[in-house]
Amino acid sequence: MCLRFFSRMFCLALLTLAASAQAAYVWLPSAPPKEIEARLARLQSDAVAHKAAIAAGKRAAFFCAHCHGETGISLLENIPNLAGQNAFFLLNQIDMFGDGRRKDDFMSGLVKVLKPDERFNIAVFYAAQPVSPTPAANRAQAVAGGKHYARACVGCHGANGYGTREIARLAGQRPGYLITALTDYRNGTAGRADHRMTGVAQKLSDAEIAALAIYLGTLP
Ligand code: HEC
Ligand code: HEC
């Protein structure tokens with residue numbers, strides 16, 4: 001995966017870091033869902049603590065910026081934007097990479113260098129960053145995507161594509177990543193197997209996936 005994006009030297013450094021992290025570390029889950037939610041809710045009513053968590057998260061995410069960008073707008077079309085994503089979802093996905101429920105050559109190793117507090121603050125930092133929608137080159141395709149969305153996705157991901165808790169925000173996500181993620185769920189090649197998504201994705205054609213990705217990319 002890495003060589004698609006970066007130089008050989010950078011990939012080697014990443015793989016070494018990922019491997020050493022994997023060897024040295026026992027994964028500790030972040031916290032029970034109720035505790036995470038309570039902690040996130042407390043930040044909503046404490047602006048000073050929220051600001052401090054964002055600042056700490058930005059520092060802890062310095063390495064992530066190589067791929068996900070300084071403010072969570074990813075540098076490449078196939079890498080997900082993290083900006084504006086739900087904090088609970090981000091933390092949950094980090095935990096899934098950590099304990100093996102979601103697999104990716106790099107992410108699975110990289111998250112292991114993060115302490116539970118760093119993961120929490122990183123999730124709060126990215127969640128607070130503005131999204132960057134992609135205008136549709138083809139209006140008709142976006143309109144078709146909106147119809148598929150209303151039919152098949154709105155029940156879980158919401159009218160605006162904001163998601164909730166462990167359901168991803170899709171609004172303003174990179175179309176390239178959406179296509180990859182949906183195709184991988186459909187074909188059983190995703191490094192994750194959430195039955196709610198694999199069931200839906202199996203019913204989608206390539207053209208429907210492309211239209212959905214274009215439409216969702218345009219949403220603010
Ligand atoms: C080498 C590039 C690279 C680096 C560095 C990197 N990521 Fe990722 N990240 C990816 C890719 C590629 C994916 C998509 C993986 C997949 O398809 O399952 C991803 C996925 C994610 C996801 C899931 C997002 C979603 O919408 O499902 C989270 C959360 C995440 N990364 C957090 C981080 C954090 C935190 C760091 C820093 C510790 C980091 N990443 C560093 C490439 C990278
Ligand atoms: C029954 C509820 C449900 C429905 C319906 C649903 N989703 Fe999802 N979706 C989820 C959940 C839950 C996740 C997180 C899954 C995981 O952790 O792997 C998710 C994740 C995703 C992701 C991965 C996002 C990321 O950042 O990694 C994409 C893309 C996605 N959904 C697109 C869609 C589209 C497009 C539709 C309609 C065709 C749809 N979903 C319908 C529940 C649903």
# chains A, B, ... in the order shown; residues from 1 in each chain; ligands from 1
call {"tool": "closest_atom_pairs", "arguments": {"of": "chain A", "to": "ligand 2", "cutoff": "8 Å", "atoms": "only C-alpha atoms and all ligand atoms", "output": "Markdown table"}}
result
| residue | atom | partner | partner_atom_place_in_ligand_line | distance |
| --- | --- | --- | --- | --- |
| A:Pro80 | CA | ligand 2 | 26 (O) | 6.4 |
| A:Asn81 | CA | ligand 2 | 26 (O) | 7.9 |
| A:Leu82 | CA | ligand 2 | 26 (O) | 8.0 |
| A:Gln85 | CA | ligand 2 | 26 (O) | 7.9 |
| A:Phe89 | CA | ligand 2 | 14 (C) | 7.8 |
| A:Asn92 | CA | ligand 2 | 17 (O) | 7.8 |
| A:Gln93 | CA | ligand 2 | 17 (O) | 6.5 |
| A:Arg102 | CA | ligand 2 | 18 (O) | 7.6 |
| A:His148 | CA | ligand 2 | 38 (C) | 6.6 |
| A:Tyr149 | CA | ligand 2 | 37 (C) | 5.5 |
| A:Arg151 | CA | ligand 2 | 37 (C) | 7.7 |
| A:Ala152 | CA | ligand 2 | 37 (C) | 4.5 |
| A:Cys153 | CA | ligand 2 | 37 (C) | 3.4 |
| A:Val154 | CA | ligand 2 | 5 (C) | 6.8 |
| A:Gly155 | CA | ligand 2 | 5 (C) | 5.8 |
| A:Cys156 | CA | ligand 2 | 2 (C) | 4.4 |
| A:His157 | CA | ligand 2 | 7 (N) | 6.1 |
| A:Glu166 | CA | ligand 2 | 12 (C) | 5.9 |
| A:Ile167 | CA | ligand 2 | 11 (C) | 4.3 |
| A:Ala168 | CA | ligand 2 | 24 (C) | 5.0 |
| A:Arg169 | CA | ligand 2 | 26 (O) | 6.7 |
| A:Leu170 | CA | ligand 2 | 24 (C) | 6.3 |
| A:Gln173 | CA | ligand 2 | 26 (O) | 7.5 |
| A:Tyr177 | CA | ligand 2 | 29 (C) | 7.5 |
| A:Leu178 | CA | ligand 2 | 29 (C) | 4.6 |
| A:Ile179 | CA | ligand 2 | 29 (C) | 7.3 |
| A:Ala181 | CA | ligand 2 | 29 (C) | 5.2 |
| A:Leu182 | CA | ligand 2 | 29 (C) | 5.3 |
| A:Arg192 | CA | ligand 2 | 18 (O) | 5.6 |
| A:Ala193 | CA | ligand 2 | 18 (O) | 6.1 |
| A:Asp194 | CA | ligand 2 | 18 (O) | 4.7 |
| A:Arg196 | CA | ligand 2 | 1 (C) | 4.6 |
| A:Met197 | CA | ligand 2 | 7 (N) | 5.0 |
| A:Val200 | CA | ligand 2 | 41 (C) | 5.8 |
| A:Ala201 | CA | ligand 2 | 38 (C) | 6.2 |
| A:Leu204 | CA | ligand 2 | 38 (C) | 7.0 |
| A:Ile209 | CA | ligand 2 | 35 (C) | 7.1 |
| A:Leu212 | CA | ligand 2 | 35 (C) | 5.8 |
| A:Ala213 | CA | ligand 2 | 35 (C) | 7.2 |
call {"tool": "residues_around", "arguments": {"residues": "Ala60 (chain A)", "least_positions_apart": "6", "cutoff": "9 Å", "atoms": "only C-alpha atoms", "output": "PyMOL selection string"}}
result
chain A and resi 114+118-119+121-122
call {"tool": "closest_residue", "arguments": {"among": "A:Gln129, A:Thr134, A:Ser45, A:Asn86", "to": "ligand 1", "atoms": "only C-alpha atoms and all ligand atoms"}}
result
A:Asn86
call {"tool": "select_by_dssp", "arguments": {"residues": "chain A", "states": "helix (DSSP H, G or I)", "output": "PyMOL selection string"}}
result
chain A and resi 2-5+8-24+33-44+47-60+65-68+87-99+107-113+116-127+139-152+154-157+175-187+195-201+206-218
call {"tool": "decode", "arguments": {"residues": "region 110-173 of chain A", "atoms": "C-alpha atoms", "output": "tab-separated table (two decimals), in the first residue's frame"}}
result
chain	number	residue	atom	x	y	z
A	110	LEU	CA	0.97	2.91	13.94
A	111	VAL	CA	-1.88	3.25	16.44
A	112	LYS	CA	0.08	1.09	18.86
A	113	VAL	CA	2.48	3.94	19.61
A	114	LEU	CA	-0.45	5.97	20.99
A	115	LYS	CA	-1.36	6.01	24.68
A	116	PRO	CA	-5.10	5.99	25.52
A	117	ASP	CA	-5.11	9.72	26.37
A	118	GLU	CA	-3.34	10.57	23.12
A	119	ARG	CA	-5.91	8.59	21.13
A	120	PHE	CA	-8.75	10.43	22.87
A	121	ASN	CA	-7.20	13.86	22.26
A	122	ILE	CA	-6.39	13.03	18.61
A	123	ALA	CA	-10.04	12.08	18.05
A	124	VAL	CA	-11.19	15.35	19.67
A	125	PHE	CA	-8.68	17.34	17.57
A	126	TYR	CA	-9.73	15.88	14.20
A	127	ALA	CA	-13.44	16.06	15.05
A	128	ALA	CA	-13.07	19.82	15.61
A	129	GLN	CA	-11.47	20.54	12.20
A	130	PRO	CA	-13.52	21.93	9.29
A	131	VAL	CA	-14.44	19.58	6.42
A	132	SER	CA	-13.47	20.28	2.82
A	133	PRO	CA	-16.16	19.18	0.34
A	134	THR	CA	-15.30	18.31	-3.27
A	135	PRO	CA	-17.51	20.00	-5.92
A	136	ALA	CA	-19.03	17.51	-8.38
A	137	ALA	CA	-17.60	17.61	-11.91
A	138	ASN	CA	-20.74	15.84	-13.11
A	139	ARG	CA	-24.02	17.22	-11.69
A	140	ALA	CA	-26.21	14.38	-13.00
A	141	GLN	CA	-24.01	11.80	-11.29
A	142	ALA	CA	-24.27	13.68	-7.98
A	143	VAL	CA	-28.07	13.84	-8.29
A	144	ALA	CA	-28.22	10.08	-8.97
A	145	GLY	CA	-25.97	9.51	-5.94
A	146	GLY	CA	-28.33	11.56	-3.77
A	147	LYS	CA	-31.22	9.29	-4.79
A	148	HIS	CA	-29.28	6.11	-3.91
A	149	TYR	CA	-28.31	7.71	-0.62
A	150	ALA	CA	-31.92	8.55	0.30
A	151	ARG	CA	-32.99	5.00	-0.56
A	152	ALA	CA	-30.24	2.93	1.05
A	153	CYS	CA	-28.10	4.91	3.50
A	154	VAL	CA	-30.05	7.71	5.14
A	155	GLY	CA	-31.51	5.48	7.88
A	156	CYS	CA	-28.10	5.00	9.49
A	157	HIS	CA	-25.85	7.81	8.24
A	158	GLY	CA	-28.55	10.50	8.62
A	159	ALA	CA	-30.14	13.07	6.30
A	160	ASN	CA	-26.99	15.23	6.17
A	161	GLY	CA	-24.49	12.35	6.13
A	162	TYR	CA	-23.18	13.25	9.58
A	163	GLY	CA	-23.46	9.75	11.09
A	164	THR	CA	-23.57	9.23	14.85
A	165	ARG	CA	-21.37	7.54	17.45
A	166	GLU	CA	-19.89	4.46	15.72
A	167	ILE	CA	-21.54	5.29	12.38
A	168	ALA	CA	-19.16	7.26	10.16
A	169	ARG	CA	-19.70	10.79	8.97
A	170	LEU	CA	-19.68	10.57	5.15
A	171	ALA	CA	-20.40	14.23	4.27
A	172	GLY	CA	-17.33	15.85	2.69
A	173	GLN	CA	-15.30	12.62	2.71
